[in-house]
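Undergrad: The structure follows.
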There are 2 protein chains.
Amino acid sequence: MNEVIQKIIAVASRIRDSIKSKRLPTVSMPVRSLQNVKYDDEIGFFELNGKMKERTLTASTIKTFAQTLRMMSFSKELIETDDMATKREMYYTAYNWEEARFNSQPESDSVMDDIEAMMMTNREKMGFIAGEKGGGLVAGELIVVDRDFETKEWIRIDCTKFGSGAYSIPAIVDHFGFETKAKYILAIETAGAFERLNKHKYWKKTNCIIVGMGGVPTRSTRRFIRKLSDDYHLPVYVFTDGDPYGYFNIYRTLKVGSGNAAHINEFFCVPNAKFIGVTPQDIIDYKLPTHSLKEVDIKRAKDAVKNDPFVKEHKEWQEAIKLMVKLGKRVEQQAFAKYGLNYVMDTYLPEKLSAKKKWLP
Amino acid sequence: MNEVIQKIIAVASRIRDSIKSKRLPTVSMPVRSLQNVKYDDEIGFFELNGKMKERTLTASTIKTFAQTLRMMSFSKELIETDDMATKREMYYTAYNWEEARFNSQPESDSVMDDIEAMMMTNREKMGFIAGEKGGGLVAGELIVVDRDFETKEWIRIDCTKFGSGAYSIPAIVDHFGFETKAKYILAIETAGAFERLNKHKYWKKTNCIIVGMGGVPTRSTRRFIRKLSDDYHLPVYVFTDGDPYGYFNIYRTLKVGSGNAAHINEFFCVPNAKFIGVTPQDIIDYKLPTHSLKEVDIKRAKDAVKNDPFVKEHKEWQEAIKLMVKLGKRVEQQAFAKYGLNYVMDTYLPEKLSAKKKWLP
């Protein structure tokens, strides 16, 4: 039987047993905050520190309790029918639950987050997807093996065959297999930089797979990179703008996860990711055009040095951030265009990929 | 010779001739505003009303003049080498133009917009792309014919073969060809609704092509739909949330274009698009769950009835908007989930597509 269905049945049985023996039923789930995570470089991602919160059935929690159980039951249906629901669809599905109806989508989302944490699994395995943003783009030496959920046939998708277009990652990728002889994965922040590397078949020249993240990668994009990297022991190199958003929101989230969703980091993080640029040192080494840091960027950077478990673990990051603040500058991926449009591809990336000492952990 | 290169040479020659004969050179371009467009349902998109602005070389315009000429020259290079540059790359490329360097990217973007208007072409044909957002998603009964710009070989991309994933439209599609026997194109606002229709192969069951726009469609997504619809005389049906954003920002822009870029509407608009939902009348007919309109939505709607040339032309839209304001409600695509996740696919869309009278123009 499907492992998530087993967990749903286990939780439900425990609650039923409590009720039968006239004890108040409780559910427990991990506390979700940066204060309840620890980071160990050996493990490679933010782990839960073990603090739990309990919710006991009382007059004031009865509605949330009912909603939690009904949503778990709906998830079981989704898994059994091999279907899926967006967060928004979940909210409208509950429209017929009478007194257990949600007053707003944030209410429904929050119950979903609690169930995810309680099950210690990712909600995609429960059939729930976000649905707001399309997934990352992929091109290169890779065959994605997907499965037709109606015919049960395997589908092989060759990511070298999309011309100037690309393969777009769907919301659920847990069932994917891969075939590849590529040497590494290059994850890129902007759609524009992805299009340049794709148009010029950078992936063919260097035998790699390129992934366009389009800003902060969606969960399925992170899961895709992680699974692919695991299956073939592929190194993952990350190339973003050189600013706090690129360093923390994109790179750190991809590599070690975030504090408020530490229960899923295990599935989504890419611990072997390395940051290849743009680093503050590159501004000096390549005499790059820059923009001034905003006050909020400086605050963000200083806060990271002081409080972020990931930055505190890595001296190299502390130094990089200090240099960024000292220069007072941020830099964009496209700044290399100062030396010609293809300099980034023909000079910067090859130089950087062969200079391991200049990467950041 | 490439038509854009011809235009660039023509403009440049005219300027050189002026200078040689000691006249002050001028360039002229259409005024870009909603006040300078007209709408005729027969033509089907916002057209320029003919108002032009002239820019004469003077001491105060000399820098912009120089930048315009250098950017035109750079565009010529891009076309000749079959390359492309994002707006951001253009800005950095000009970093070496000494006194003609741009102070900021908005300055560079604005010169690009002017050149585009002056040439009366779309900037993609000049090699310039936006690069911020990935393109729309495509699945269904369609083969996209792209071209490898290095080997000059044609590439056939079969959009029925991507499993739960999809084909992502690149920034430049002017060179694309298509092969299809599909009956229509269905353009969808959200990634989540696209994923549902794709997972259940709605496109196979109804012999169509589905396009996920991910909010307001990018220029290349609009161009893609337009070209495909032209080549095979395919009707285009648009399915968005039932709110002013869906009606005006998404649907109206896709169909007739916008005021400040009327010089390119000719290439990007999809005049034969029809709006199939969600309409304000659907709220009543299907007893859909809704959200209250915000003050800003009501203002937006009233303004459209009064000032938007498209709405003024179509009584059906005026009535729909009045009904929306009267109900005081907006509705999301996912609201049909009230009747089960697949109701939208199995009941709503088939009913709506066969009830031509309920479409909006």
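Residues are named by chain letter and number: chains run A, B, ... in the order of the structure tokens, numbers start at 1 in each chain, and ligands are numbered from 1 in the order shown.
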Using only C-alpha atoms, determine which residues lie at most 9 Å from stretch 327-339 of chain B, disregarding the query and same-chain residues fewer than 3 positions distant; provide the list as JSON, numbers by chain.

TA: {"A": [86, 88, 89, 90, 91, 92, 93, 94, 95, 96], "B": [189, 190, 192, 193, 239, 240, 241, 242, 243, 244, 277, 278, 279, 280, 283, 286, 288, 289, 290, 291, 292, 293, 294, 298, 322, 323, 324, 342, 343, 344, 348]}

Undergrad: Please extract the residues of stretch 196-264 of chain B with a backbone DSSP assignment of alpha helix (DSSP H) and present them as a ChimeraX atom specification.

TA: /B:196-199,202-205,219-232,244,253-256,262-264

Undergrad: Using only C-alpha atoms, which of the listed residues (A:Ala117, A:Leu234, A:Leu341, A:Ala187) sits closest to A:Ala139?

TA: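 Looking at the shortest contact to A:Ala139, the residue is A:Ala187.
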
Undergrad: Could you name the residues that touch B:Ser258 at 10 Å or less, counting only C-alpha atoms, but leaving out those on the same chain fewer than 6 positions away, as a list in words?

TA: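 In the requested form, the answer reads Arg32, Ser33, Leu34, Val37, Phe45, Phe46, Glu47, Phe248, Asn249, Arg252, Ile264, Asn265 and Cys269 of chain B.
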
Undergrad: Kindly save the residues from that selection, with N, CA and C atoms included, as an mmCIF file, in the first residue's frame.

TA:
```
data_model
loop_
_atom_site.group_PDB
_atom_site.id
_atom_site.type_symbol
_atom_site.label_atom_id
_atom_site.label_comp_id
_atom_site.auth_asym_id
_atom_site.auth_seq_id
_atom_site.Cartn_x
_atom_site.Cartn_y
_atom_site.Cartn_z
ATOM 1 N N ARG B 32 2.706 57.046 -28.194
ATOM 2 C CA ARG B 32 2.204 55.809 -27.609
ATOM 3 C C ARG B 32 1.291 56.082 -26.417
ATOM 4 N N SER B 33 -0.016 56.045 -26.624
ATOM 5 C CA SER B 33 -0.969 56.201 -25.523
ATOM 6 C C SER B 33 -2.338 55.724 -25.972
ATOM 7 N N LEU B 34 -3.220 55.461 -25.006
ATOM 8 C CA LEU B 34 -4.570 54.991 -25.327
ATOM 9 C C LEU B 34 -5.341 56.067 -26.097
ATOM 10 N N VAL B 37 -5.049 55.587 -30.134
ATOM 11 C CA VAL B 37 -5.454 54.353 -30.814
ATOM 12 C C VAL B 37 -6.925 54.419 -31.181
ATOM 13 N N PHE B 45 -8.029 44.870 -33.834
ATOM 14 C CA PHE B 45 -7.061 45.211 -32.788
ATOM 15 C C PHE B 45 -6.897 46.726 -32.733
ATOM 16 N N PHE B 46 -6.344 47.211 -31.625
ATOM 17 C CA PHE B 46 -6.095 48.645 -31.483
ATOM 18 C C PHE B 46 -5.101 49.098 -32.553
ATOM 19 N N GLU B 47 -5.514 50.086 -33.350
ATOM 20 C CA GLU B 47 -4.611 50.620 -34.363
ATOM 21 C C GLU B 47 -4.164 52.014 -33.975
ATOM 22 N N PHE B 248 -9.411 42.378 -18.595
ATOM 23 C CA PHE B 248 -8.691 43.438 -19.318
ATOM 24 C C PHE B 248 -7.199 43.140 -19.480
ATOM 25 N N ASN B 249 -6.498 42.905 -18.351
ATOM 26 C CA ASN B 249 -5.050 42.698 -18.453
ATOM 27 C C ASN B 249 -4.716 41.467 -19.295
ATOM 28 N N ARG B 252 -8.222 41.191 -22.897
ATOM 29 C CA ARG B 252 -8.233 42.311 -23.838
ATOM 30 C C ARG B 252 -6.859 42.531 -24.456
ATOM 31 N N ILE B 264 2.822 47.589 -32.314
ATOM 32 C CA ILE B 264 3.120 46.172 -32.494
ATOM 33 C C ILE B 264 1.877 45.292 -32.418
ATOM 34 N N ASN B 265 0.710 45.894 -32.127
ATOM 35 C CA ASN B 265 -0.503 45.088 -31.980
ATOM 36 C C ASN B 265 -0.765 44.225 -33.208
ATOM 37 N N CYS B 269 -1.612 40.723 -31.598
ATOM 38 C CA CYS B 269 -2.999 40.531 -31.190
ATOM 39 C C CYS B 269 -3.610 39.301 -31.819
#
```

Undergrad: Work out how far apart atom CA of A:Gly140 and atom CA of A:Ser220 are and give it in Å to one decimal.

TA: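 Separating atom CA of A:Gly140 from atom CA of A:Ser220 is a distance of 18.3 Å.
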